[in-house]
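Visitor: Dropping the structure in here first, questions after.
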Amino acid sequence: MLRMKNRMGSVMRAVLLGTALVAGVGEAVAAEALQGQRAALSARAWESSRSRISLGDVHGMAVDPEGGVWTWGNNAMGSLGDGTNVNRFVPGRVPGLEGMSSVMASLWHSLALREDGTVWGWGGNSLGQLGDGTTEHRLSPVQAVGLSNVVSIATGSEHSLALREDGTVWGWGNNGWMQIGHLRYYDWLLAAPVQVRGITDVVAISAGSLHSVMLRKDGTVWTQGDNSHGQLGDPHAYFPEEPVRVVGLTDVVAISSGDFRTLALRADGTVWGWGNGQPVPVQVAGLTDVVSISASDSHALALRADGTLWSWGDNISGQLGDGTTLPRDTPAPVPGLTAVAAIETSSSGSMALRQDGSLWAWGQNMRGVLGDGTEENRLTPTRVLLPYSFAGLSSGEHRASELQRAPVSP
């Protein structure tokens, strides 16, 4: 090329310049498309963490179409929020709560997110998990102090998380395993919300028993807290002062945590898990086209784009919904349950919201946690006795079109 005549050199330079300009335009278009994909996936991840239903180990919760909150099950610590300690086997409305958008049931406490971005809690509060600045148990809802513009909430066994619209994460409650982060050596109990340090641009949150999980808008997953069961997804992490990145995992659009493990849904519809002795993510075999996930410590659920629900794991209480109490290592469909729109798990129970607005539950039913009016364990889905149905749920095909997946690079 250097030996060519000047004219040929000029021609070549013009051709190369034109190619560069075209390449530049192409790169700009590709970058814009990638940004759009990331935005869509971030929105999907954000929405996946906003739940109108929640199933805890001892009680259940739901938000009705008017923004009221309904609870049922064990009320020993006031987790039903009705001002009493009386158990309830069928759903009842929490007095004084209106305009709510999502709920989270923990072991002994409950959280609700109001449409105005404030967070409300009730029930057990011995470690400050309600975030009201005290350690007093509450039989009725109280507001978490100093929190505004919240878009999502999550609960561990004894700690709570909130995601604000600016992408920051806030936590309160038990910090004995640094699941909220290292602040000062004596900050093992946080009765009011504090910001989780070292992470921004978060679009979804989840909490295990002793760890916290955060999904950033670039599709990476970050964790913090106890790692004794490999639940942080980084075998070298030991009570990190700030969140650590889960190794080898990208393009994630949703997360869900059990007590000592976590599941992640990637943009290609595959499901990956770690914890419970597995220190790094591995793919769950036999699952494709998944649009939603829910993990407990003993079992898991995956909702596919066609509206079918798949389950796997322990089954001692019938939580797999297949009519048996036999465990299963590989996912299989829950018989007779189709057109599913949303899913939830507890340690020994499962819940599914169907597209027709009906709510179903199965598994362990002590103190009426399944909301069917009994205390009988259910090996197959049974109707939760809510006095209303959810309206405006997407059909399977529409939901699949809304959740179209595209690979995203961090």
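By order in the structure tokens, chains are A, B, ...; within a chain, residues start at 1; ligands start at 1, following the order shown.
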Enumerate, as a PyMOL selection string, the complete set of residues in range 160-317 of chain A that a backbone-based DSSP assignment places in strand (DSSP E).
Guide: chain A and resi 160-164+169-174+189-195+202-207+211-216+221-225+244-245+252-257+261-266+271-275+278-283+290-295+299-304+309-313
Visitor: Near Thr155 in chain A, within 10 Å and counting only C-alpha atoms, which residues show up once chain neighbours fewer than 2 positions away are dropped, as a PyMOL selection string?
Guide: chain A and resi 56+103-107+109-111+129-130+153+157-162+171-173+205-209+212+257
Visitor: Keeping N, CA, C and O atoms for every residue in the selection just given, could you write it to a file as a short mmCIF file (atom, residue, chain, number, x, y, z; two decimals), in the first residue's frame?
Guide:
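As written to disk, again.cif reads:
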data_model
loop_
_atom_site.label_atom_id
_atom_site.label_comp_id
_atom_site.auth_asym_id
_atom_site.auth_seq_id
_atom_site.Cartn_x
_atom_site.Cartn_y
_atom_site.Cartn_z
N GLY A 56 -44.97 -16.51 52.99
CA GLY A 56 -43.94 -16.72 53.99
C GLY A 56 -44.03 -18.11 54.58
O GLY A 56 -44.91 -18.90 54.23
N VAL A 103 -46.19 -6.58 48.33
CA VAL A 103 -46.04 -7.07 49.69
C VAL A 103 -44.93 -8.11 49.74
O VAL A 103 -44.60 -8.74 48.74
N MET A 104 -44.37 -8.29 50.95
CA MET A 104 -43.37 -9.32 51.19
C MET A 104 -43.60 -9.92 52.57
O MET A 104 -43.62 -9.20 53.57
N ALA A 105 -43.78 -11.25 52.62
CA ALA A 105 -43.96 -11.97 53.88
C ALA A 105 -42.64 -12.62 54.27
O ALA A 105 -42.08 -13.41 53.51
N SER A 106 -42.14 -12.31 55.45
CA SER A 106 -40.93 -12.93 55.96
C SER A 106 -41.32 -14.01 56.97
O SER A 106 -42.46 -14.46 57.01
N LEU A 107 -40.35 -14.41 57.80
CA LEU A 107 -40.62 -15.44 58.79
C LEU A 107 -41.67 -14.96 59.79
O LEU A 107 -42.72 -15.60 59.97
N HIS A 109 -42.25 -11.24 60.15
CA HIS A 109 -42.66 -9.86 59.90
C HIS A 109 -43.14 -9.70 58.46
O HIS A 109 -42.91 -10.55 57.62
N SER A 110 -43.84 -8.60 58.22
CA SER A 110 -44.43 -8.33 56.92
C SER A 110 -44.07 -6.92 56.48
O SER A 110 -43.98 -6.01 57.30
N LEU A 111 -43.88 -6.74 55.17
CA LEU A 111 -43.64 -5.43 54.59
C LEU A 111 -44.64 -5.18 53.47
O LEU A 111 -45.06 -6.10 52.77
N GLN A 129 -36.26 -5.21 62.21
CA GLN A 129 -36.55 -5.54 60.81
C GLN A 129 -37.73 -4.77 60.22
O GLN A 129 -37.96 -4.83 59.02
N LEU A 130 -38.46 -4.02 61.06
CA LEU A 130 -39.54 -3.18 60.53
C LEU A 130 -39.04 -1.80 60.12
O LEU A 130 -39.74 -1.07 59.41
N ILE A 153 -39.26 -3.97 47.41
CA ILE A 153 -38.89 -4.38 48.75
C ILE A 153 -38.54 -5.87 48.75
O ILE A 153 -38.97 -6.63 47.89
N SER A 157 -34.92 -13.49 56.65
CA SER A 157 -35.55 -13.98 57.89
C SER A 157 -35.68 -12.87 58.92
O SER A 157 -36.72 -12.73 59.56
N GLU A 158 -34.61 -12.06 59.06
CA GLU A 158 -34.62 -11.02 60.09
C GLU A 158 -34.05 -9.70 59.59
O GLU A 158 -33.63 -8.87 60.39
N HIS A 159 -33.97 -9.52 58.27
CA HIS A 159 -33.56 -8.22 57.74
C HIS A 159 -34.42 -7.88 56.54
O HIS A 159 -35.11 -8.73 55.97
N SER A 160 -34.42 -6.62 56.17
CA SER A 160 -35.26 -6.11 55.09
C SER A 160 -34.44 -5.24 54.17
O SER A 160 -33.45 -4.61 54.58
N LEU A 161 -34.86 -5.19 52.90
CA LEU A 161 -34.19 -4.38 51.89
C LEU A 161 -35.21 -3.53 51.15
O LEU A 161 -36.37 -3.93 50.99
N ALA A 162 -34.76 -2.38 50.66
CA ALA A 162 -35.59 -1.53 49.82
C ALA A 162 -34.74 -0.98 48.68
O ALA A 162 -33.59 -0.58 48.89
N GLY A 171 -31.03 -1.02 53.65
CA GLY A 171 -31.32 -2.20 54.46
C GLY A 171 -31.45 -1.88 55.92
O GLY A 171 -30.95 -0.86 56.41
N TRP A 172 -32.10 -2.78 56.66
CA TRP A 172 -32.27 -2.62 58.10
C TRP A 172 -32.59 -3.98 58.72
O TRP A 172 -32.92 -4.94 58.03
N GLY A 173 -32.43 -4.05 60.04
CA GLY A 173 -32.67 -5.30 60.75
C GLY A 173 -31.37 -5.98 61.14
O GLY A 173 -30.36 -5.32 61.44
N ILE A 205 -33.89 -6.63 43.71
CA ILE A 205 -33.29 -7.08 44.97
C ILE A 205 -33.98 -8.35 45.44
O ILE A 205 -35.13 -8.62 45.10
N SER A 206 -33.26 -9.13 46.24
CA SER A 206 -33.81 -10.32 46.88
C SER A 206 -33.02 -10.58 48.14
O SER A 206 -31.86 -10.12 48.27
N ALA A 207 -33.60 -11.31 49.08
CA ALA A 207 -32.92 -11.55 50.35
C ALA A 207 -33.10 -13.00 50.77
O ALA A 207 -34.21 -13.54 50.72
N GLY A 208 -32.00 -13.62 51.19
CA GLY A 208 -32.05 -14.93 51.80
C GLY A 208 -32.07 -14.79 53.31
O GLY A 208 -32.27 -13.70 53.84
N SER A 209 -31.86 -15.90 54.00
CA SER A 209 -31.90 -15.84 55.46
C SER A 209 -30.81 -14.94 56.01
O SER A 209 -31.07 -14.07 56.85
N SER A 212 -27.91 -11.07 51.06
CA SER A 212 -28.69 -10.18 50.21
C SER A 212 -28.18 -10.28 48.78
O SER A 212 -26.99 -10.50 48.55
N SER A 257 -34.15 -15.55 45.92
CA SER A 257 -33.31 -16.20 46.94
C SER A 257 -34.14 -17.06 47.87
O SER A 257 -35.24 -16.66 48.29
#
Visitor: Applying 10 Å and only C-alpha atoms, which residues near Gly363 in chain A remain after dropping the ones on its own chain fewer than 5 positions away? List them as a ChimeraX atom specification.
Guide: /A:315-321,323,325,345-351,369-370,376-382
Visitor: Measuring between only C-alpha atoms, which one of A:Leu263, A:Ala191, A:Ala112, A:Ala62 shows the shortest distance to Ala300 in chain A?
Guide: A:Leu263
Visitor: Quick one: distance from CA of Phe239 in chain A to CA of Gly225 in chain A in Å, one decimal?
Guide: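 Rounded to one decimal, the two atoms are 5.5 Å apart.
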Visitor: Hey, what's within 10 Å of Ser51 in chain A if we count only C-alpha atoms and toss same-chain stuff fewer than 3 positions away? As a list in words, please?
Guide: Glu47, Ser48, Ser54, Met61, Ala62, Val63, Ser101, Ser102, Val103, Met104, Ala112, Leu113, Ser152, Ile153, Ala154, Ala342, Ile343 and Glu344 of chain A
Visitor: Please identify all polymer residues within 6 Å of range 83-88 of chain A, counting only C-alpha atoms, omitting same-chain residues fewer than 2 positions from it, and present them as a PyMOL selection string.
Guide: chain A and resi 72-76+78+81+90+139-140
Visitor: Can you tell me which residues surround range 240-256 of chain A at a distance of at most 6 Å, considering only C-alpha atoms, apart from same-chain residues fewer than 6 positions away, and format the answer as an NGL selection string?
Guide: :A and (41 or 45 or 181-182 or 198 or 206 or 219-224 or 233-234 or 262-267 or 294-295 or 408)
Visitor: Atoms to include: N, CA and C atoms. Write the selected residues as a compact mmCIF listing (two decimals), in the first residue's frame.
Guide:
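Saved file part_12.txt follows:
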# COMPACT_ATOMS: atom_id res chain seq x y z
N LEU A 41 -34.65 -4.86 29.52
CA LEU A 41 -34.36 -5.92 30.46
C LEU A 41 -34.33 -5.40 31.89
N ALA A 45 -36.61 -6.68 34.91
CA ALA A 45 -36.07 -7.11 36.20
C ALA A 45 -36.71 -6.34 37.34
N GLY A 181 -24.17 -4.92 55.15
CA GLY A 181 -22.86 -4.33 54.89
C GLY A 181 -22.16 -3.90 56.16
N HIS A 182 -20.84 -3.76 56.04
CA HIS A 182 -20.03 -3.35 57.18
C HIS A 182 -20.07 -1.83 57.32
N GLY A 198 -21.24 0.65 48.24
CA GLY A 198 -20.46 -0.01 47.21
C GLY A 198 -21.25 -0.54 46.03
N SER A 206 -33.26 -9.13 46.24
CA SER A 206 -33.81 -10.32 46.88
C SER A 206 -33.02 -10.58 48.14
N GLY A 219 -26.90 -6.28 34.01
CA GLY A 219 -27.13 -7.71 33.96
C GLY A 219 -26.24 -8.54 34.85
N THR A 220 -25.43 -7.90 35.70
CA THR A 220 -24.58 -8.63 36.65
C THR A 220 -25.29 -8.73 38.00
N VAL A 221 -24.92 -9.76 38.77
CA VAL A 221 -25.53 -10.02 40.08
C VAL A 221 -24.48 -9.84 41.17
N TRP A 222 -24.87 -9.19 42.24
CA TRP A 222 -23.97 -8.89 43.34
C TRP A 222 -24.59 -9.36 44.66
N THR A 223 -23.76 -9.85 45.59
CA THR A 223 -24.26 -10.43 46.82
C THR A 223 -23.46 -9.94 48.02
N GLN A 224 -24.05 -10.16 49.19
CA GLN A 224 -23.41 -9.69 50.42
C GLN A 224 -23.95 -10.50 51.59
N GLY A 233 -22.11 -16.90 45.71
CA GLY A 233 -21.71 -17.13 44.32
C GLY A 233 -20.28 -16.76 44.02
N ASP A 234 -19.49 -16.58 45.05
CA ASP A 234 -18.05 -16.30 44.93
C ASP A 234 -17.35 -17.10 46.01
N THR A 262 -29.59 -19.09 45.80
CA THR A 262 -30.17 -18.08 44.93
C THR A 262 -30.34 -18.66 43.53
N LEU A 263 -31.40 -18.24 42.86
CA LEU A 263 -31.61 -18.55 41.45
C LEU A 263 -31.52 -17.26 40.64
N ALA A 264 -31.06 -17.37 39.40
CA ALA A 264 -31.00 -16.24 38.48
C ALA A 264 -31.57 -16.66 37.14
N LEU A 265 -32.37 -15.79 36.55
CA LEU A 265 -32.93 -16.00 35.22
C LEU A 265 -32.16 -15.14 34.23
N ARG A 266 -31.58 -15.79 33.22
CA ARG A 266 -30.83 -15.05 32.21
C ARG A 266 -31.74 -14.64 31.05
N ALA A 267 -31.23 -13.71 30.24
CA ALA A 267 -32.02 -13.16 29.13
C ALA A 267 -32.38 -14.21 28.09
N SER A 294 -38.92 -18.50 41.27
CA SER A 294 -39.07 -18.29 42.71
C SER A 294 -38.36 -19.42 43.43
N ALA A 295 -37.48 -19.08 44.37
CA ALA A 295 -36.66 -20.07 45.06
C ALA A 295 -36.94 -20.08 46.55
N VAL A 408 -27.45 -9.59 26.37
CA VAL A 408 -26.94 -8.30 26.80
C VAL A 408 -25.54 -8.51 27.38
Visitor: Could you check which of A:Thr71, A:Thr330, A:Asn276, A:Asn125 is closest to Leu301 in chain A, using only C-alpha atoms?
Guide: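 Once distances to Leu301 in chain A are computed over only C-alpha atoms, the minimum belongs to A:Thr330.
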Visitor: Determine which residues of range 333-403 of chain A receive a DSSP assignment of helix (DSSP H, G or I), computed from the backbone, and state them as a list of chain:residue names.
Guide: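 Residues of range 333-403 of chain A classed as helix (DSSP H, G or I): A:Met366, A:Arg367, A:Gly368, A:Gly396, A:Glu397, A:His398, A:Arg399, A:Ala400, A:Ser401, A:Glu402.
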Visitor: Once you have the residues from the selection above, write them out as a PDB file, in the first residue's frame, restricted to all heavy atoms.
Guide:
ATOM      1  N   MET A 366     -49.614 -25.502  58.007  1.00  0.00           N
ATOM      2  CA  MET A 366     -49.754 -25.267  59.438  1.00  0.00           C
ATOM      3  C   MET A 366     -50.280 -23.861  59.714  1.00  0.00           C
ATOM      4  O   MET A 366     -49.848 -22.886  59.102  1.00  0.00           O
ATOM      5  CB  MET A 366     -48.408 -25.473  60.139  1.00  0.00           C
ATOM      6  CG  MET A 366     -48.466 -25.359  61.650  1.00  0.00           C
ATOM      7  SD  MET A 366     -46.842 -25.648  62.419  1.00  0.00           S
ATOM      8  CE  MET A 366     -46.593 -27.378  62.005  1.00  0.00           C
ATOM      9  N   ARG A 367     -51.233 -23.765  60.602  1.00  0.00           N
ATOM     10  CA  ARG A 367     -51.888 -22.505  60.995  1.00  0.00           C
ATOM     11  C   ARG A 367     -52.558 -21.810  59.806  1.00  0.00           C
ATOM     12  O   ARG A 367     -52.732 -20.584  59.803  1.00  0.00           O
ATOM     13  CB  ARG A 367     -50.898 -21.549  61.676  1.00  0.00           C
ATOM     14  CG  ARG A 367     -50.244 -22.114  62.927  1.00  0.00           C
ATOM     15  CD  ARG A 367     -51.266 -22.359  64.042  1.00  0.00           C
ATOM     16  NE  ARG A 367     -50.620 -22.786  65.264  1.00  0.00           N
ATOM     17  CZ  ARG A 367     -50.386 -24.061  65.612  1.00  0.00           C
ATOM     18  NH1 ARG A 367     -50.751 -25.045  64.767  1.00  0.00           N
ATOM     19  NH2 ARG A 367     -49.802 -24.364  66.742  1.00  0.00           N
ATOM     20  N   GLY A 368     -52.894 -22.578  58.783  1.00  0.00           N
ATOM     21  CA  GLY A 368     -53.677 -22.017  57.683  1.00  0.00           C
ATOM     22  C   GLY A 368     -52.894 -21.143  56.738  1.00  0.00           C
ATOM     23  O   GLY A 368     -53.464 -20.254  56.095  1.00  0.00           O
ATOM     24  N   GLY A 396     -50.775 -15.744  28.453  1.00  0.00           N
ATOM     25  CA  GLY A 396     -49.460 -16.336  28.265  1.00  0.00           C
ATOM     26  C   GLY A 396     -48.753 -15.782  27.047  1.00  0.00           C
ATOM     27  O   GLY A 396     -47.576 -15.439  27.093  1.00  0.00           O
ATOM     28  N   GLU A 397     -49.477 -15.648  25.928  1.00  0.00           N
ATOM     29  CA  GLU A 397     -48.846 -15.165  24.710  1.00  0.00           C
ATOM     30  C   GLU A 397     -48.448 -13.705  24.850  1.00  0.00           C
ATOM     31  O   GLU A 397     -47.364 -13.298  24.435  1.00  0.00           O
ATOM     32  CB  GLU A 397     -49.789 -15.342  23.528  1.00  0.00           C
ATOM     33  CG  GLU A 397     -50.007 -16.807  23.139  1.00  0.00           C
ATOM     34  CD  GLU A 397     -50.899 -16.942  21.922  1.00  0.00           C
ATOM     35  OE1 GLU A 397     -51.333 -15.890  21.409  1.00  0.00           O
ATOM     36  OE2 GLU A 397     -51.160 -18.063  21.492  1.00  0.00           O
ATOM     37  N   HIS A 398     -49.336 -12.894  25.458  1.00  0.00           N
ATOM     38  CA  HIS A 398     -49.021 -11.475  25.616  1.00  0.00           C
ATOM     39  C   HIS A 398     -47.837 -11.300  26.565  1.00  0.00           C
ATOM     40  O   HIS A 398     -46.937 -10.505  26.331  1.00  0.00           O
ATOM     41  CB  HIS A 398     -50.233 -10.732  26.161  1.00  0.00           C
ATOM     42  CG  HIS A 398     -50.012  -9.259  26.339  1.00  0.00           C
ATOM     43  ND1 HIS A 398     -49.536  -8.453  25.329  1.00  0.00           N
ATOM     44  CD2 HIS A 398     -50.186  -8.455  27.407  1.00  0.00           C
ATOM     45  CE1 HIS A 398     -49.448  -7.199  25.765  1.00  0.00           C
ATOM     46  NE2 HIS A 398     -49.821  -7.186  27.033  1.00  0.00           N
ATOM     47  N   ARG A 399     -47.838 -12.104  27.640  1.00  0.00           N
ATOM     48  CA  ARG A 399     -46.727 -12.019  28.584  1.00  0.00           C
ATOM     49  C   ARG A 399     -45.419 -12.397  27.903  1.00  0.00           C
ATOM     50  O   ARG A 399     -44.392 -11.743  28.097  1.00  0.00           O
ATOM     51  CB  ARG A 399     -46.975 -12.949  29.779  1.00  0.00           C
ATOM     52  CG  ARG A 399     -45.856 -12.896  30.805  1.00  0.00           C
ATOM     53  CD  ARG A 399     -46.202 -13.740  32.011  1.00  0.00           C
ATOM     54  NE  ARG A 399     -45.098 -13.751  32.952  1.00  0.00           N
ATOM     55  CZ  ARG A 399     -44.868 -12.808  33.848  1.00  0.00           C
ATOM     56  NH1 ARG A 399     -45.648 -11.752  33.912  1.00  0.00           N
ATOM     57  NH2 ARG A 399     -43.845 -12.895  34.682  1.00  0.00           N
ATOM     58  N   ALA A 400     -45.468 -13.420  27.070  1.00  0.00           N
ATOM     59  CA  ALA A 400     -44.244 -13.832  26.383  1.00  0.00           C
ATOM     60  C   ALA A 400     -43.739 -12.737  25.465  1.00  0.00           C
ATOM     61  O   ALA A 400     -42.536 -12.493  25.361  1.00  0.00           O
ATOM     62  CB  ALA A 400     -44.508 -15.107  25.587  1.00  0.00           C
ATOM     63  N   SER A 401     -44.659 -12.039  24.797  1.00  0.00           N
ATOM     64  CA  SER A 401     -44.232 -10.967  23.898  1.00  0.00           C
ATOM     65  C   SER A 401     -43.648  -9.801  24.675  1.00  0.00           C
ATOM     66  O   SER A 401     -42.746  -9.116  24.216  1.00  0.00           O
ATOM     67  CB  SER A 401     -45.418 -10.493  23.049  1.00  0.00           C
ATOM     68  OG  SER A 401     -46.380  -9.828  23.836  1.00  0.00           O
ATOM     69  N   GLU A 402     -44.194  -9.571  25.886  1.00  0.00           N
ATOM     70  CA  GLU A 402     -43.659  -8.495  26.710  1.00  0.00           C
ATOM     71  C   GLU A 402     -42.250  -8.817  27.205  1.00  0.00           C
ATOM     72  O   GLU A 402     -41.436  -7.928  27.432  1.00  0.00           O
ATOM     73  CB  GLU A 402     -44.561  -8.286  27.938  1.00  0.00           C
ATOM     74  CG  GLU A 402     -45.896  -7.643  27.614  1.00  0.00           C
ATOM     75  CD  GLU A 402     -46.760  -7.533  28.857  1.00  0.00           C
ATOM     76  OE1 GLU A 402     -46.569  -8.347  29.783  1.00  0.00           O
ATOM     77  OE2 GLU A 402     -47.618  -6.652  28.900  1.00  0.00           O
TER      78      GLU A 402
END
Visitor: Give me, please, the distance in Å between CA of Phe89 in chain A and CA of Thr374 in chain A, quoted to one decimal.
Guide: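 Interatomic distance, CA of Phe89 in chain A to CA of Thr374 in chain A: 6.2 Å.
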Visitor: Could you tell me how far CA of Arg93 in chain A lies from CA of Asp116 in chain A, in Å and to one decimal?
Guide: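 Distance reported for this atom pair: 20.1 Å.
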Visitor: Might you pull out every residue within 6 Å of Leu127 in chain A, with only C-alpha atoms counted and same-chain residues fewer than 3 positions away left off, and present them as JSON, numbers by chain?
Guide: {"A": [135, 173, 174, 189]}
Visitor: Name the closest residue to Leu80 in chain A among the candidates A:Pro141, A:Gly133, A:Gly373, A:Gly68; distances are taken between atoms, counting only C-alpha atoms.
Guide: A:Pro141
